[in-house]
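Asks: Sending over a structure as structure tokens; questions will come in a sec.
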Amino acid sequence: MKLKLETESASVKLTTKDDKVDFKALVKVYELATGAELKLNGIKPSRPEPKLSKPAIDRGGVKTITDDLTPDSTPGWHELVKVMLMCPYCGDNETTTTLYGNHFMKCPKCGNKVFLAFATSRKGVPDEHGFYYKATEVWRDYQSEQADSKLLEAMKAKMEENNAESN
């Protein structure tokens with residue numbers, strides 16, 4: 001954000017790396033540039049100050065259900081969250097973590113891809129045990145879906161061919 005206030009006698013230039021400048025700081029910049037005190041008379045800033053929520057308990061960066069569940073408490077993109085893993089390949093059954101927003105994870109034991117399904121019906125809300133994801137199904141990528149579809153079509157065609165020959 002760049003802000004430049006200029007009068008005949010003074011010039012103030014404010015540059016920040018992000019848009020996080022509070023209203024009071026902007027008032028002070030105005031007062032510094034103009035040399036006059038600004039009377040607000042109950043005018044509120046257009047962007048309200050964020051409400052403070054109770055701090056989350058530090059569990060090594062992993063959010064759980066006991067933390068404050070407000071819309072702002074949804075895990076951030078690629079924040080560590082708890083996963084209940086039951087690997088369909090090797091049978092590994094453990095509690096682990098993954099980055100929020102991932103669609104699959106690799107089993108720590110066998111290395112195969114396992115699909116990450118949301119633990120509840122609401123995205124970003126943990127279940128009663130604090131799990132955001134349940135990893136119990138095989139990950140199906142586009143190529144394997146296409147290979148399965150082609151195989152199924154070939155099998156149907158072969159069955160129709162055999163049925164036509166027998167009639």
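Every chain in the structure tokens takes a letter, A first, then B, and so on in the order presented; its residues are numbered from 1, and the ligands are numbered from 1 following the presented order.
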Skip Arg122 of chain A itself and residues of its chain fewer than 4 positions away, then list as a PyMOL selection string all residues within 12 Å of it, counting only C-alpha atoms.
Replies: chain A and resi 71+74+117-118+126-127+132-133
Asks: Please, could you write that set of residues out with C-alpha atoms as a compact mmCIF listing (two decimals), in the first residue's frame?
Replies:
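As a result, part.txt now contains:
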# COMPACT_ATOMS: atom_id res chain seq x y z
CA PRO A 71 -15.48 -19.21 10.76
CA THR A 74 -10.94 -22.97 9.93
CA ALA A 117 -12.11 -37.62 2.76
CA PHE A 118 -13.46 -34.92 5.11
CA PRO A 126 -13.13 -31.57 12.74
CA ASP A 127 -15.07 -34.55 14.07
CA TYR A 132 -10.20 -33.18 9.81
CA TYR A 133 -9.65 -36.05 7.35
Asks: Excluding His78 of chain A and its own-chain neighbours fewer than 4 positions away, which residues fall within 10 Å of it when counting only C-alpha atoms? Please give them as a VMD selection string.
Replies: chain A and resid 98 to 102
Asks: Restricting the output to N, CA, C and O atoms, write the selected residues as a PDB file, in the first residue's frame.
Replies:
ATOM      1  N   THR A  98      -1.465 -34.084   8.108  1.00  0.00           N
ATOM      2  CA  THR A  98      -1.229 -33.699   6.720  1.00  0.00           C
ATOM      3  C   THR A  98      -1.536 -32.226   6.587  1.00  0.00           C
ATOM      4  O   THR A  98      -2.051 -31.600   7.518  1.00  0.00           O
ATOM      5  N   LEU A  99      -1.264 -31.672   5.441  1.00  0.00           N
ATOM      6  CA  LEU A  99      -1.531 -30.268   5.196  1.00  0.00           C
ATOM      7  C   LEU A  99      -2.978 -30.076   4.777  1.00  0.00           C
ATOM      8  O   LEU A  99      -3.485 -30.822   3.928  1.00  0.00           O
ATOM      9  N   TYR A 100      -3.650 -29.090   5.366  1.00  0.00           N
ATOM     10  CA  TYR A 100      -5.050 -28.817   5.037  1.00  0.00           C
ATOM     11  C   TYR A 100      -5.151 -28.375   3.578  1.00  0.00           C
ATOM     12  O   TYR A 100      -4.394 -27.542   3.115  1.00  0.00           O
ATOM     13  N   GLY A 101      -6.077 -28.964   2.860  1.00  0.00           N
ATOM     14  CA  GLY A 101      -6.283 -28.651   1.448  1.00  0.00           C
ATOM     15  C   GLY A 101      -5.789 -29.742   0.525  1.00  0.00           C
ATOM     16  O   GLY A 101      -6.102 -29.721  -0.660  1.00  0.00           O
ATOM     17  N   ASN A 102      -5.017 -30.688   1.044  1.00  0.00           N
ATOM     18  CA  ASN A 102      -4.565 -31.802   0.210  1.00  0.00           C
ATOM     19  C   ASN A 102      -5.733 -32.715  -0.113  1.00  0.00           C
ATOM     20  O   ASN A 102      -6.694 -32.820   0.646  1.00  0.00           O
TER      21      ASN A 102
END
Asks: Extract, using only C-alpha atoms, all DNA, RNA and protein residues at most 9 Å from segment 3-18 of chain A, discarding same-chain residues fewer than 5 positions from it, and format them as a PyMOL selection string.
Replies: chain A and resi 29-30+32-35
Asks: Go ahead and save the residues from that selection, with all heavy atoms, as a PDB file, in the first residue's frame.
Replies:
ATOM      1  N   VAL A  29      -1.122  10.063  10.196  1.00  0.00           N
ATOM      2  CA  VAL A  29      -0.421  10.514   8.993  1.00  0.00           C
ATOM      3  C   VAL A  29      -1.074  11.790   8.475  1.00  0.00           C
ATOM      4  O   VAL A  29      -0.393  12.756   8.103  1.00  0.00           O
ATOM      5  CB  VAL A  29      -0.419   9.405   7.907  1.00  0.00           C
ATOM      6  CG1 VAL A  29       0.062   9.937   6.570  1.00  0.00           C
ATOM      7  CG2 VAL A  29       0.443   8.237   8.349  1.00  0.00           C
ATOM      8  N   TYR A  30      -2.407  11.835   8.470  1.00  0.00           N
ATOM      9  CA  TYR A  30      -3.133  13.024   8.024  1.00  0.00           C
ATOM     10  C   TYR A  30      -2.796  14.219   8.907  1.00  0.00           C
ATOM     11  O   TYR A  30      -2.519  15.320   8.414  1.00  0.00           O
ATOM     12  CB  TYR A  30      -4.637  12.753   8.045  1.00  0.00           C
ATOM     13  CG  TYR A  30      -5.468  13.983   7.767  1.00  0.00           C
ATOM     14  CD1 TYR A  30      -5.685  14.396   6.455  1.00  0.00           C
ATOM     15  CD2 TYR A  30      -6.003  14.738   8.805  1.00  0.00           C
ATOM     16  CE1 TYR A  30      -6.429  15.537   6.201  1.00  0.00           C
ATOM     17  CE2 TYR A  30      -6.742  15.879   8.565  1.00  0.00           C
ATOM     18  CZ  TYR A  30      -6.955  16.278   7.250  1.00  0.00           C
ATOM     19  OH  TYR A  30      -7.682  17.404   6.999  1.00  0.00           O
ATOM     20  N   LEU A  32      -0.153  14.672  10.711  1.00  0.00           N
ATOM     21  CA  LEU A  32       1.242  15.047  10.516  1.00  0.00           C
ATOM     22  C   LEU A  32       1.400  15.881   9.245  1.00  0.00           C
ATOM     23  O   LEU A  32       2.122  16.880   9.229  1.00  0.00           O
ATOM     24  CB  LEU A  32       2.105  13.783  10.440  1.00  0.00           C
ATOM     25  CG  LEU A  32       3.603  13.975  10.341  1.00  0.00           C
ATOM     26  CD1 LEU A  32       4.136  14.679  11.586  1.00  0.00           C
ATOM     27  CD2 LEU A  32       4.289  12.636  10.176  1.00  0.00           C
ATOM     28  N   ALA A  33       0.703  15.507   8.185  1.00  0.00           N
ATOM     29  CA  ALA A  33       0.822  16.225   6.918  1.00  0.00           C
ATOM     30  C   ALA A  33       0.154  17.592   6.975  1.00  0.00           C
ATOM     31  O   ALA A  33       0.683  18.573   6.443  1.00  0.00           O
ATOM     32  CB  ALA A  33       0.219  15.402   5.793  1.00  0.00           C
ATOM     33  N   THR A  34      -1.010  17.678   7.622  1.00  0.00           N
ATOM     34  CA  THR A  34      -1.765  18.933   7.633  1.00  0.00           C
ATOM     35  C   THR A  34      -1.412  19.825   8.808  1.00  0.00           C
ATOM     36  O   THR A  34      -1.640  21.026   8.761  1.00  0.00           O
ATOM     37  CB  THR A  34      -3.279  18.662   7.660  1.00  0.00           C
ATOM     38  OG1 THR A  34      -3.606  17.941   8.856  1.00  0.00           O
ATOM     39  CG2 THR A  34      -3.710  17.893   6.433  1.00  0.00           C
ATOM     40  N   GLY A  35      -0.895  19.254   9.873  1.00  0.00           N
ATOM     41  CA  GLY A  35      -0.580  20.024  11.061  1.00  0.00           C
ATOM     42  C   GLY A  35      -1.800  20.331  11.903  1.00  0.00           C
ATOM     43  O   GLY A  35      -1.733  21.086  12.864  1.00  0.00           O
TER      44      GLY A  35
END
Asks: Between A:Glu165, A:Glu160, A:Glu79, A:Asp141, which residue has the minimum interatomic distance to Gly124 of chain A, considering only C-alpha atoms?
Replies: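 Distance minimum relative to Gly124 of chain A lands on A:Glu79.
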